[in-house]
>>> print(open('entry_8.txt').read())   # compact mmCIF, C-alpha atoms (C1' of nucleotides)
# COMPACT_ATOMS: atom_id res chain seq x y z
CA MET A 18 -70.62 186.56 -33.46
CA ALA A 19 -72.01 189.47 -35.37
CA ALA A 20 -75.30 191.03 -34.48
CA ARG A 21 -77.73 189.99 -37.16
CA ARG A 22 -78.63 192.72 -39.53
CA PRO A 23 -82.13 193.99 -38.97
CA PRO A 24 -84.57 193.29 -41.82
CA GLN A 25 -84.26 195.78 -44.63
CA ALA A 26 -87.02 198.34 -44.78
CA ALA A 27 -87.52 198.04 -48.50
CA HIS A 28 -90.46 199.56 -50.31
CA TRP A 29 -92.03 196.19 -51.01
CA ASP A 30 -92.46 195.67 -47.27
CA LEU A 31 -95.47 197.94 -47.64
CA VAL A 32 -97.25 195.34 -49.69
CA ASP A 33 -97.99 191.76 -48.95
CA SER A 34 -94.95 190.08 -50.39
CA PRO A 35 -93.02 186.87 -49.83
CA ALA A 36 -89.93 189.00 -49.19
CA ARG A 37 -90.96 189.80 -45.64
CA THR A 38 -91.19 186.14 -44.72
CA LEU A 39 -87.71 185.22 -46.01
CA PRO A 40 -85.07 184.47 -43.39
CA PRO A 41 -82.89 187.45 -42.40
CA SER A 42 -80.18 188.13 -44.95
CA PRO A 43 -76.66 187.07 -43.93
CA ASP A 44 -74.30 189.60 -42.42
CA PRO A 45 -72.43 191.71 -44.93
CA VAL A 46 -68.88 190.60 -45.54
CA GLY A 47 -67.48 193.70 -43.83
CA ASP A 48 -69.23 192.96 -40.56
CA VAL A 49 -68.19 189.33 -40.65
CA LEU A 50 -64.56 190.34 -41.04
CA VAL A 51 -64.72 192.88 -38.22
CA ASP A 52 -66.12 190.23 -35.89
CA TRP A 53 -63.60 187.65 -37.07
CA PHE A 54 -60.78 190.12 -36.37
CA ALA A 55 -61.96 190.58 -32.80
CA GLU A 56 -61.12 186.99 -32.04
CA ALA A 57 -58.39 186.14 -34.54
CA ALA A 58 -56.18 189.24 -34.51
CA ARG A 59 -52.52 188.81 -33.64
CA ASP A 60 -51.30 190.56 -30.53
CA LEU A 61 -48.74 192.74 -32.27
CA ALA A 62 -46.67 195.22 -30.28
CA TRP A 63 -47.94 198.25 -32.20
CA ARG A 64 -51.56 197.22 -31.67
CA ARG A 65 -51.34 197.45 -27.91
CA PRO A 66 -53.47 200.12 -26.22
CA GLY A 67 -51.62 203.39 -25.84
CA THR A 68 -49.70 203.09 -29.11
CA ASP A 69 -49.67 206.63 -30.46
CA PRO A 70 -49.74 207.69 -34.13
CA TRP A 71 -45.99 208.19 -34.21
CA ALA A 72 -45.38 204.63 -33.04
CA VAL A 73 -47.84 203.42 -35.68
CA LEU A 74 -46.08 205.45 -38.35
CA VAL A 75 -42.71 203.96 -37.42
CA SER A 76 -44.16 200.45 -37.49
CA GLU A 77 -45.77 200.99 -40.88
CA VAL A 78 -42.58 202.22 -42.48
CA MET A 79 -40.64 199.28 -41.04
CA LEU A 80 -43.30 196.87 -42.28
CA GLN A 81 -42.98 198.00 -45.90
CA GLN A 82 -41.94 194.81 -47.68
CA THR A 83 -40.66 193.40 -44.40
CA PRO A 84 -42.11 190.52 -42.35
CA VAL A 85 -43.68 191.22 -38.96
CA ALA A 86 -41.33 188.92 -37.07
CA ARG A 87 -38.27 190.83 -38.19
CA VAL A 88 -39.79 194.22 -37.43
CA GLU A 89 -40.93 193.67 -33.84
CA PRO A 90 -37.55 193.77 -32.02
CA VAL A 91 -36.27 196.70 -34.08
CA TRP A 92 -39.49 198.64 -33.54
CA ARG A 93 -39.23 198.18 -29.77
CA ASP A 94 -35.68 199.41 -29.81
CA TRP A 95 -36.58 202.46 -31.92
CA MET A 96 -39.51 203.39 -29.73
CA ASP A 97 -37.36 203.14 -26.61
CA ARG A 98 -34.70 205.37 -28.13
CA TRP A 99 -36.88 207.78 -30.07
CA PRO A 100 -40.40 207.79 -28.62
CA THR A 101 -41.39 211.02 -30.41
CA PRO A 102 -40.70 212.69 -33.76
CA VAL A 103 -38.75 215.39 -31.93
CA ALA A 104 -36.50 212.77 -30.38
CA LEU A 105 -35.75 211.10 -33.70
CA ALA A 106 -35.15 214.44 -35.37
CA THR A 107 -32.08 214.92 -33.17
CA ALA A 108 -30.51 211.59 -34.14
CA SER A 109 -27.77 211.41 -36.76
CA PRO A 110 -28.14 209.43 -40.00
CA ALA A 111 -25.38 207.09 -38.76
CA GLU A 112 -27.36 206.33 -35.62
CA VAL A 113 -30.59 205.53 -37.45
CA ILE A 114 -28.82 203.43 -40.08
CA ARG A 115 -27.21 201.36 -37.32
CA ALA A 116 -30.47 201.07 -35.39
CA TRP A 117 -32.21 200.00 -38.59
CA GLY A 118 -29.95 196.96 -38.56
CA LYS A 119 -30.70 194.44 -41.27
CA LEU A 120 -34.35 195.25 -41.90
CA GLY A 121 -33.47 195.96 -45.50
CA TYR A 122 -34.09 198.95 -47.77
CA PRO A 123 -32.07 201.23 -45.46
CA ARG A 124 -33.17 204.36 -47.30
CA ARG A 125 -36.35 203.91 -45.28
CA ALA A 126 -34.35 204.72 -42.16
CA LEU A 127 -33.11 207.98 -43.66
CA ARG A 128 -36.59 208.95 -44.83
CA LEU A 129 -38.07 208.14 -41.46
CA ARG A 130 -35.58 210.50 -39.88
CA GLU A 131 -36.42 213.15 -42.50
CA THR A 132 -40.08 212.66 -41.67
CA ALA A 133 -39.29 213.23 -38.01
CA VAL A 134 -37.54 216.47 -38.93
CA ALA A 135 -40.47 217.57 -41.09
CA LEU A 136 -42.95 216.79 -38.32
CA THR A 137 -40.83 218.74 -35.86
CA GLU A 138 -40.39 221.76 -38.09
CA ARG A 139 -43.74 221.94 -39.84
CA HIS A 140 -46.27 220.05 -37.71
CA GLY A 141 -45.35 220.97 -34.16
CA GLY A 142 -43.91 217.52 -33.53
CA VAL A 143 -47.30 215.93 -34.10
CA VAL A 144 -48.29 213.26 -36.65
CA PRO A 145 -51.11 214.71 -38.76
CA ALA A 146 -54.36 212.80 -39.25
CA ASP A 147 -54.87 214.21 -42.72
CA VAL A 148 -54.03 211.75 -45.50
CA ALA A 149 -52.74 214.41 -47.88
CA ALA A 150 -50.45 215.87 -45.22
CA LEU A 151 -49.15 212.40 -44.43
CA GLU A 152 -48.53 211.59 -48.08
CA ALA A 153 -46.38 214.70 -48.35
CA LEU A 154 -43.89 213.23 -45.87
CA PRO A 155 -40.71 211.47 -47.10
CA GLY A 156 -41.18 207.73 -47.50
CA ILE A 157 -44.93 207.91 -46.84
CA GLY A 158 -46.95 206.80 -49.86
CA THR A 159 -50.60 206.06 -50.50
CA TYR A 160 -50.66 202.91 -48.40
CA THR A 161 -48.73 204.19 -45.39
CA ALA A 162 -50.56 207.51 -45.25
CA ARG A 163 -53.92 205.79 -44.97
CA ALA A 164 -52.59 203.17 -42.59
CA VAL A 165 -51.40 205.88 -40.20
CA ALA A 166 -54.67 207.80 -40.47
CA CYS A 167 -56.64 204.62 -39.86
CA PHE A 168 -54.59 202.58 -37.40
CA GLY A 169 -52.95 205.53 -35.69
CA HIS A 170 -55.83 208.01 -35.58
CA GLY A 171 -58.80 205.67 -35.83
CA GLN A 172 -60.08 207.25 -39.01
CA PRO A 173 -62.34 205.14 -41.26
CA GLN A 174 -59.88 205.12 -44.16
CA PRO A 175 -59.77 202.41 -46.80
CA VAL A 176 -56.30 200.88 -46.85
CA VAL A 177 -54.85 198.86 -49.71
CA ASP A 178 -51.70 196.84 -49.40
CA THR A 179 -50.63 193.60 -51.02
CA ASN A 180 -52.82 191.60 -48.61
CA VAL A 181 -55.90 193.63 -49.39
CA ARG A 182 -55.35 193.44 -53.13
CA ARG A 183 -55.12 189.68 -52.90
CA VAL A 184 -58.24 189.36 -50.71
CA VAL A 185 -60.27 191.60 -52.99
CA ALA A 186 -58.99 189.77 -56.08
CA ARG A 187 -60.31 186.50 -54.73
CA LEU A 188 -63.33 187.53 -52.68
CA VAL A 189 -64.74 190.10 -55.09
CA HIS A 190 -63.26 189.42 -58.51
CA GLY A 191 -62.91 185.64 -58.34
CA ARG A 192 -59.28 185.71 -59.41
CA ALA A 193 -56.46 183.68 -57.90
CA GLU A 194 -53.95 186.51 -57.66
CA ALA A 195 -53.98 190.23 -57.18
CA ALA A 196 -53.67 192.34 -60.28
CA PRO A 197 -51.11 195.16 -60.24
CA ALA A 198 -52.11 198.07 -58.01
CA ARG A 199 -54.54 200.57 -59.50
CA ALA A 200 -56.51 203.55 -58.26
CA ALA A 201 -59.81 201.65 -58.22
CA ASP A 202 -58.45 199.25 -55.57
CA LEU A 203 -59.38 201.85 -52.98
CA THR A 204 -63.05 201.90 -53.90
CA ASP A 205 -63.10 198.13 -54.42
CA VAL A 206 -62.41 197.62 -50.74
CA ALA A 207 -64.25 200.70 -49.53
CA VAL A 208 -67.61 199.38 -50.73
CA LEU A 209 -67.21 196.37 -48.44
CA ALA A 210 -66.69 198.50 -45.33
CA PRO A 211 -69.40 198.78 -42.66
CA ALA A 212 -71.16 202.13 -42.49
CA ASP A 213 -70.35 202.74 -38.83
CA PRO A 214 -67.08 204.75 -38.73
CA GLU A 215 -65.52 202.82 -35.87
CA ARG A 216 -66.31 199.50 -37.48
CA ALA A 217 -65.10 200.79 -40.83
CA ALA A 218 -61.75 201.59 -39.24
CA ARG A 219 -61.55 198.10 -37.74
CA PHE A 220 -62.56 196.66 -41.09
CA SER A 221 -59.44 198.06 -42.74
CA VAL A 222 -57.15 196.16 -40.35
CA ALA A 223 -59.38 193.13 -40.54
CA VAL A 224 -59.03 192.73 -44.31
CA MET A 225 -55.27 193.01 -44.04
CA GLU A 226 -55.23 190.48 -41.23
CA LEU A 227 -57.31 188.05 -43.27
CA GLY A 228 -54.77 188.32 -46.07
CA ALA A 229 -51.90 187.82 -43.65
CA LEU A 230 -53.33 184.84 -41.76
CA VAL A 231 -55.93 183.09 -43.93
CA CYS A 232 -56.10 184.36 -47.50
CA VAL A 233 -52.34 183.98 -47.92
CA ALA A 234 -50.55 183.96 -51.25
CA ARG A 235 -49.25 180.42 -51.64
CA THR A 236 -51.73 178.11 -49.90
CA PRO A 237 -54.86 179.92 -48.72
CA ARG A 238 -56.58 178.36 -45.72
CA CYS A 239 -60.09 178.46 -47.14
CA ALA A 240 -61.32 175.85 -44.66
CA VAL A 241 -61.06 178.35 -41.80
CA CYS A 242 -61.98 181.48 -43.78
CA PRO A 243 -64.85 183.44 -42.22
CA VAL A 244 -66.05 184.64 -45.64
CA ARG A 245 -65.56 181.45 -47.64
CA THR A 246 -69.27 181.26 -48.52
CA ASP A 247 -69.07 184.74 -50.09
CA CYS A 248 -65.82 184.20 -51.94
CA ALA A 249 -66.13 184.65 -55.70
CA TRP A 250 -62.90 182.74 -56.30
CA ARG A 251 -64.12 179.76 -54.33
CA LEU A 252 -67.58 179.90 -55.91
CA ALA A 253 -65.83 179.83 -59.29
CA GLY A 254 -64.02 176.63 -58.31
CA CYS A 255 -60.69 178.23 -57.31
CA PRO A 256 -59.43 178.82 -60.88
CA ALA A 257 -55.68 178.95 -61.39
CA PRO A 258 -53.94 182.27 -62.08
CA ASP A 259 -54.66 183.32 -65.65
CA GLY A 260 -51.96 185.78 -66.71
CA PRO A 261 -48.31 185.04 -67.32
CA PRO A 262 -46.30 184.13 -64.18
CA ARG A 263 -44.79 187.18 -62.54
CA ARG A 264 -41.05 187.52 -62.62
CA VAL A 265 -39.25 186.62 -59.45
CA GLN A 266 -36.81 189.20 -58.39
CA ARG A 267 -33.31 187.78 -58.40
CA PHE A 268 -31.08 188.92 -55.58
CA ALA A 269 -27.78 187.05 -55.70
CA GLY A 270 -25.21 189.06 -57.61
CA THR A 271 -27.30 192.20 -57.92
CA ASP A 272 -26.31 195.70 -56.91
CA ARG A 273 -28.71 195.35 -54.02
CA GLN A 274 -26.70 192.51 -52.59
CA VAL A 275 -23.46 194.44 -53.06
CA ARG A 276 -24.89 197.57 -51.45
CA GLY A 277 -26.04 195.45 -48.55
CA ARG A 278 -22.57 193.95 -48.13
CA LEU A 279 -20.88 197.33 -48.23
CA LEU A 280 -23.29 198.87 -45.77
CA ASP A 281 -22.94 195.88 -43.49
CA VAL A 282 -19.19 196.49 -43.25
CA LEU A 283 -19.78 200.13 -42.34
CA ARG A 284 -22.47 199.31 -39.78
CA GLY A 285 -20.16 196.87 -38.08
CA ALA A 286 -17.19 199.20 -37.98
CA GLU A 287 -16.44 201.47 -35.02
CA GLY A 288 -15.64 204.64 -36.91
CA SER A 289 -14.52 205.09 -40.48
CA VAL A 290 -13.25 202.39 -42.81
CA ALA A 291 -10.46 202.46 -45.37
CA ALA A 292 -11.17 201.48 -48.95
CA PRO A 293 -9.30 198.13 -48.81
CA GLN A 294 -11.66 197.01 -46.07
CA LEU A 295 -14.60 197.58 -48.38
CA ASP A 296 -12.83 195.65 -51.12
CA GLU A 297 -13.35 192.53 -49.08
CA ALA A 298 -17.12 192.96 -49.26
CA TRP A 299 -17.27 192.23 -53.01
CA ALA A 300 -14.71 190.99 -55.51
CA ASP A 301 -15.86 192.73 -58.69
CA ALA A 302 -14.25 196.16 -58.51
CA VAL A 303 -16.47 197.74 -61.16
CA GLN A 304 -19.69 196.70 -59.49
CA ARG A 305 -18.32 197.50 -56.06
CA SER A 306 -17.39 201.00 -57.11
CA ARG A 307 -20.73 201.61 -58.76
CA CYS A 308 -22.54 200.51 -55.63
CA LEU A 309 -20.39 202.58 -53.32
CA ASP A 310 -21.15 205.59 -55.51
CA SER A 311 -24.86 204.93 -55.30
CA LEU A 312 -24.67 204.61 -51.52
CA LEU A 313 -22.86 207.96 -51.41
CA ALA A 314 -25.51 209.48 -53.68
CA ASP A 315 -28.26 208.12 -51.44
CA GLY A 316 -26.69 209.66 -48.36
CA LEU A 317 -26.22 206.26 -46.78
CA VAL A 318 -22.41 206.57 -46.86
CA GLU A 319 -20.06 209.52 -46.48
CA GLN A 320 -16.45 210.01 -47.50
CA THR A 321 -14.11 211.73 -45.07
CA ALA A 322 -11.54 214.34 -45.97
CA ASP A 323 -8.76 211.72 -45.84
CA GLY A 324 -10.58 209.41 -48.26
CA ARG A 325 -12.03 206.95 -45.78
CA PHE A 326 -15.70 205.91 -45.62
CA THR A 327 -18.25 206.18 -42.81
CA LEU A 328 -21.92 206.20 -42.08
CA PRO A 329 -23.07 209.83 -42.43
CA ALA A 330 -22.49 211.81 -39.24
CA GLY A 331 -25.18 214.28 -39.91
C1' DT B 15 -44.76 202.16 -66.46
C1' DA B 16 -41.31 199.45 -65.02
C1' DA B 17 -37.06 199.10 -62.64
C1' DT B 18 -34.86 199.66 -58.45
C1' DC B 19 -34.13 199.19 -53.65
C1' DG B 20 -32.39 194.33 -48.69
C1' DT B 21 -32.89 190.51 -46.18
C1' DG B 22 -33.92 186.06 -44.57
C1' DG B 23 -37.45 182.59 -43.56
C1' DT B 24 -40.43 179.12 -45.95
C1' DT B 25 -41.65 175.65 -49.39
C1' DT C 8 -32.29 174.08 -53.91
C1' DA C 9 -34.20 177.55 -56.28
C1' DA C 10 -38.11 180.02 -56.11
C1' DC C 11 -41.35 182.34 -53.53
C1' DC C 12 -42.73 185.78 -50.44
C1' DA C 13 -43.04 189.78 -46.98
C1' DA C 14 -48.20 196.10 -43.92
C1' DG C 15 -44.36 199.87 -50.64
C1' DA C 16 -42.08 204.12 -52.20
C1' DT C 17 -39.62 206.47 -55.55
C1' DT C 18 -37.97 207.80 -59.95
>>> encode(input="entry_8.txt", output="C-alpha cells")
Amino acid sequence: MAARRPPQAAHWDLVDSPARTLPPSPDPVGDVLVDWFAEAARDLAWRRPGTDPWAVLVSEVMLQQTPVARVEPVWRDWMDRWPTPVALATASPAEVIRAWGKLGYPRRALRLRETAVALTERHGGVVPADVAALEALPGIGTYTARAVACFGHGQPQPVVDTNVRRVVARLVHGRAEAAPARAADLTDVAVLAPADPERAARFSVAVMELGALVCVARTPRCAVCPVRTDCAWRLAGCPAPDGPPRRVQRFAGTDRQVRGRLLDVLRGAEGSVAAPQLDEAWADAVQRSRCLDSLLADGLVEQTADGRFTLPAG
DNA sequence: TAATCGTGGTT
DNA sequence: TAACCAAGATT
C-alpha cells in the first residue's frame, strides 16, 4: 500500500479550524497507480533488470500497433542477434526484414536499422537520453522518444500512447473513449504524476499498464481498478461514447494485404524470385503491380539486373 | 488533417 | 462472422 500523504501544511493550519481535524486526504491518483503497478505489473522481457536503453528502444518500435504477445519472441531473437546499435548497423535490409517476420508494418524494420546506423555514426553507438535527439531518429516519434527516455533511461517523462489517452479520457475527463491525440494530452497526464522523479518515471509505465490490463477499450474491469473511486467516467455513471463511431479500418482486399502477400513470398524464398512467382500472391495484376512498385519505392524490395525480385541486399 | 501502412487474436 | 483492437509514425 501507499504511504499515506502527510497532512498538508496549509495556511489555515495556523488558525483554529475544522480542517486540521479532518481525516488525512486520500493518496493522489499518481501514487495509487505507482503502488498498484508494483504488484500488478506484467513480467515482460524488456522490463527485466539489466535491459539497456537500446533493448528498450527496439521493444518500443516493435510494440507500435503490435500486441505484446507477438513481439516477445521476435524481440528476444533480435536482441540475441543484434545486442547493440553497432551490431544492427552492420546487418543488411534483407536480414532485418526476414528477422522482423510477420510483426507487420515492415518499414519499421528498415527504420530501426537506419536508427542503428544513425546512432553508430552520430551518437557513438549510444542511445541518447534527450527526447529531442531521440525524436530526430527514423521511426521514433513523440511517443517512442519519451518511452525510451523514461523506460530506458529512467527519466521522469510523461508518456502518451493509446492506453494513456483512454485512461485520461475516462479518469480525468469522464468520457468513454479517448479523443484523437492532441498536444495537451502530455500535460493532462503530467499533472497526475508524483513529484518525486523516480516515482514519476514509474507512474508513466503504471498508467500505460492500467490501460493495458484494467482500463481496456472494450470491457473495462472497473471492479478491480485501483482508482475507480476517483474516476470521472464512473462518477458520471459510465456514459456511452458521444461522438460518431470511429471507422474500422478494412484490411481484406487493400494494398496493405497485397503488400503483405508479396513480401511474404520474398521472405520465404531463398534468394531472388521471378515475376511469375509473385503473380501467385495476388490475382489482380493492376493492384499487384502498384503494390510491388510501392514496395520498391519503400526499399523493402529490390529488382536485380536480370529482372528478378529480392529483399534488398544492402 | 486524414490516409496509409500488416497481422492475427478476440468478441 | 464481421468487427474490433493492439506501447504510432509518416506524409
>>> closest_residue(input="entry_8.txt", among="A:Val303, A:Val85, A:Val143, A:Ala149", to="chain B", atoms="all atoms listed in the file")
A:Val85
>>> atom_distance(input="entry_8.txt", atom1="CA of Met96 (chain A)", atom2="CA of Glu77 (chain A)")
13.0 Å
>>> interface_residues(input="entry_8.txt", of="chain A", to="chain C", cutoff="8 Å", atoms="all atoms listed in the file", output="PyMOL selection string")
chain A and resi 77+80-84+156-158+160+178-180+225+265
>>> closest_atom_pairs(input="entry_8.txt", of="chain A", to="chain B", cutoff="8 Å", atoms="only C-alpha atoms (C1' of nucleotides)", output="JSON lines")
{"residue": "A:Lys119", "atom": "CA", "partner": "B:DT21", "partner_atom": "C1'", "distance": 6.7}
{"residue": "A:Leu120", "atom": "CA", "partner": "B:DT21", "partner_atom": "C1'", "distance": 6.6}
{"residue": "A:Gly121", "atom": "CA", "partner": "B:DG20", "partner_atom": "C1'", "distance": 3.7}
{"residue": "A:Tyr122", "atom": "CA", "partner": "B:DG20", "partner_atom": "C1'", "distance": 5.0}
{"residue": "A:Pro123", "atom": "CA", "partner": "B:DG20", "partner_atom": "C1'", "distance": 7.6}
{"residue": "A:Arg273", "atom": "CA", "partner": "B:DG20", "partner_atom": "C1'", "distance": 6.6}
{"residue": "A:Gln274", "atom": "CA", "partner": "B:DG20", "partner_atom": "C1'", "distance": 7.1}
{"residue": "A:Gly277", "atom": "CA", "partner": "B:DG20", "partner_atom": "C1'", "distance": 6.4}
>>> axis_aligned_box(input="entry_8.txt", around="region 11-17 of chain C", padding_each_side="3 Å", output="JSON")
{"center_x": -43.9, "center_y": 194.4, "center_z": -49.7, "size_x": 14.6, "size_y": 30.1, "size_z": 17.6}
>>> atom_distance(input="entry_8.txt", atom1="CA of Gln266 (chain A)", atom2="CA of Ala198 (chain A)")
17.7 Å
>>> atom_distance(input="entry_8.txt", atom1="CA of Pro90 (chain A)", atom2="CA of Glu287 (chain A)")
22.7 Å
>>> closest_residue(input="entry_8.txt", among="A:Arg219, A:Arg65, A:Arg93, A:His170", to="Asp48 (chain A)", atoms="all atoms listed in the file")
A:Arg219
>>> build_atoms(input="entry_8.txt", residues="region 230-244 of chain A", atoms="N, CA, C and O atoms", output="PDB file, keeping the file's coordinate frame")
ATOM      1  N   LEU A 230     -53.195 186.086 -42.530  1.00  0.00           N
ATOM      2  CA  LEU A 230     -53.330 184.840 -41.760  1.00  0.00           C
ATOM      3  C   LEU A 230     -54.074 183.738 -42.509  1.00  0.00           C
ATOM      4  O   LEU A 230     -53.794 182.568 -42.320  1.00  0.00           O
ATOM      5  N   VAL A 231     -55.049 184.099 -43.314  1.00  0.00           N
ATOM      6  CA  VAL A 231     -55.930 183.090 -43.930  1.00  0.00           C
ATOM      7  C   VAL A 231     -55.817 183.109 -45.457  1.00  0.00           C
ATOM      8  O   VAL A 231     -55.478 182.107 -46.081  1.00  0.00           O
ATOM      9  N   CYS A 232     -56.102 184.241 -46.034  1.00  0.00           N
ATOM     10  CA  CYS A 232     -56.100 184.360 -47.500  1.00  0.00           C
ATOM     11  C   CYS A 232     -54.685 184.670 -47.975  1.00  0.00           C
ATOM     12  O   CYS A 232     -54.432 185.668 -48.633  1.00  0.00           O
ATOM     13  N   VAL A 233     -53.754 183.758 -47.637  1.00  0.00           N
ATOM     14  CA  VAL A 233     -52.340 183.980 -47.920  1.00  0.00           C
ATOM     15  C   VAL A 233     -52.033 183.638 -49.369  1.00  0.00           C
ATOM     16  O   VAL A 233     -52.830 182.996 -50.059  1.00  0.00           O
ATOM     17  N   ALA A 234     -50.866 184.046 -49.827  1.00  0.00           N
ATOM     18  CA  ALA A 234     -50.550 183.960 -51.250  1.00  0.00           C
ATOM     19  C   ALA A 234     -50.447 182.524 -51.743  1.00  0.00           C
ATOM     20  O   ALA A 234     -51.109 182.158 -52.709  1.00  0.00           O
ATOM     21  N   ARG A 235     -49.601 181.731 -51.097  1.00  0.00           N
ATOM     22  CA  ARG A 235     -49.250 180.420 -51.640  1.00  0.00           C
ATOM     23  C   ARG A 235     -50.372 179.394 -51.437  1.00  0.00           C
ATOM     24  O   ARG A 235     -50.871 178.821 -52.386  1.00  0.00           O
ATOM     25  N   THR A 236     -50.736 179.146 -50.203  1.00  0.00           N
ATOM     26  CA  THR A 236     -51.730 178.110 -49.900  1.00  0.00           C
ATOM     27  C   THR A 236     -52.791 178.657 -48.963  1.00  0.00           C
ATOM     28  O   THR A 236     -52.683 178.527 -47.744  1.00  0.00           O
ATOM     29  N   PRO A 237     -53.813 179.310 -49.544  1.00  0.00           N
ATOM     30  CA  PRO A 237     -54.860 179.920 -48.720  1.00  0.00           C
ATOM     31  C   PRO A 237     -55.580 178.876 -47.863  1.00  0.00           C
ATOM     32  O   PRO A 237     -55.790 177.740 -48.296  1.00  0.00           O
ATOM     33  N   ARG A 238     -55.938 179.276 -46.658  1.00  0.00           N
ATOM     34  CA  ARG A 238     -56.580 178.360 -45.720  1.00  0.00           C
ATOM     35  C   ARG A 238     -58.093 178.546 -45.767  1.00  0.00           C
ATOM     36  O   ARG A 238     -58.714 178.975 -44.790  1.00  0.00           O
ATOM     37  N   CYS A 239     -58.664 178.219 -46.914  1.00  0.00           N
ATOM     38  CA  CYS A 239     -60.090 178.460 -47.140  1.00  0.00           C
ATOM     39  C   CYS A 239     -60.973 177.748 -46.111  1.00  0.00           C
ATOM     40  O   CYS A 239     -62.076 178.211 -45.808  1.00  0.00           O
ATOM     41  N   ALA A 240     -60.495 176.626 -45.587  1.00  0.00           N
ATOM     42  CA  ALA A 240     -61.320 175.850 -44.660  1.00  0.00           C
ATOM     43  C   ALA A 240     -61.661 176.641 -43.401  1.00  0.00           C
ATOM     44  O   ALA A 240     -62.694 176.405 -42.777  1.00  0.00           O
ATOM     45  N   VAL A 241     -60.801 177.588 -43.023  1.00  0.00           N
ATOM     46  CA  VAL A 241     -61.060 178.350 -41.800  1.00  0.00           C
ATOM     47  C   VAL A 241     -61.414 179.804 -42.121  1.00  0.00           C
ATOM     48  O   VAL A 241     -61.425 180.659 -41.239  1.00  0.00           O
ATOM     49  N   CYS A 242     -61.694 180.091 -43.392  1.00  0.00           N
ATOM     50  CA  CYS A 242     -61.980 181.480 -43.780  1.00  0.00           C
ATOM     51  C   CYS A 242     -63.401 181.879 -43.375  1.00  0.00           C
ATOM     52  O   CYS A 242     -64.365 181.183 -43.704  1.00  0.00           O
ATOM     53  N   PRO A 243     -63.524 183.002 -42.675  1.00  0.00           N
ATOM     54  CA  PRO A 243     -64.850 183.440 -42.220  1.00  0.00           C
ATOM     55  C   PRO A 243     -65.769 183.886 -43.357  1.00  0.00           C
ATOM     56  O   PRO A 243     -66.976 183.979 -43.148  1.00  0.00           O
ATOM     57  N   VAL A 244     -65.209 184.183 -44.523  1.00  0.00           N
ATOM     58  CA  VAL A 244     -66.050 184.640 -45.640  1.00  0.00           C
ATOM     59  C   VAL A 244     -66.001 183.683 -46.827  1.00  0.00           C
ATOM     60  O   VAL A 244     -66.225 184.080 -47.967  1.00  0.00           O
TER      61      VAL A 244
END
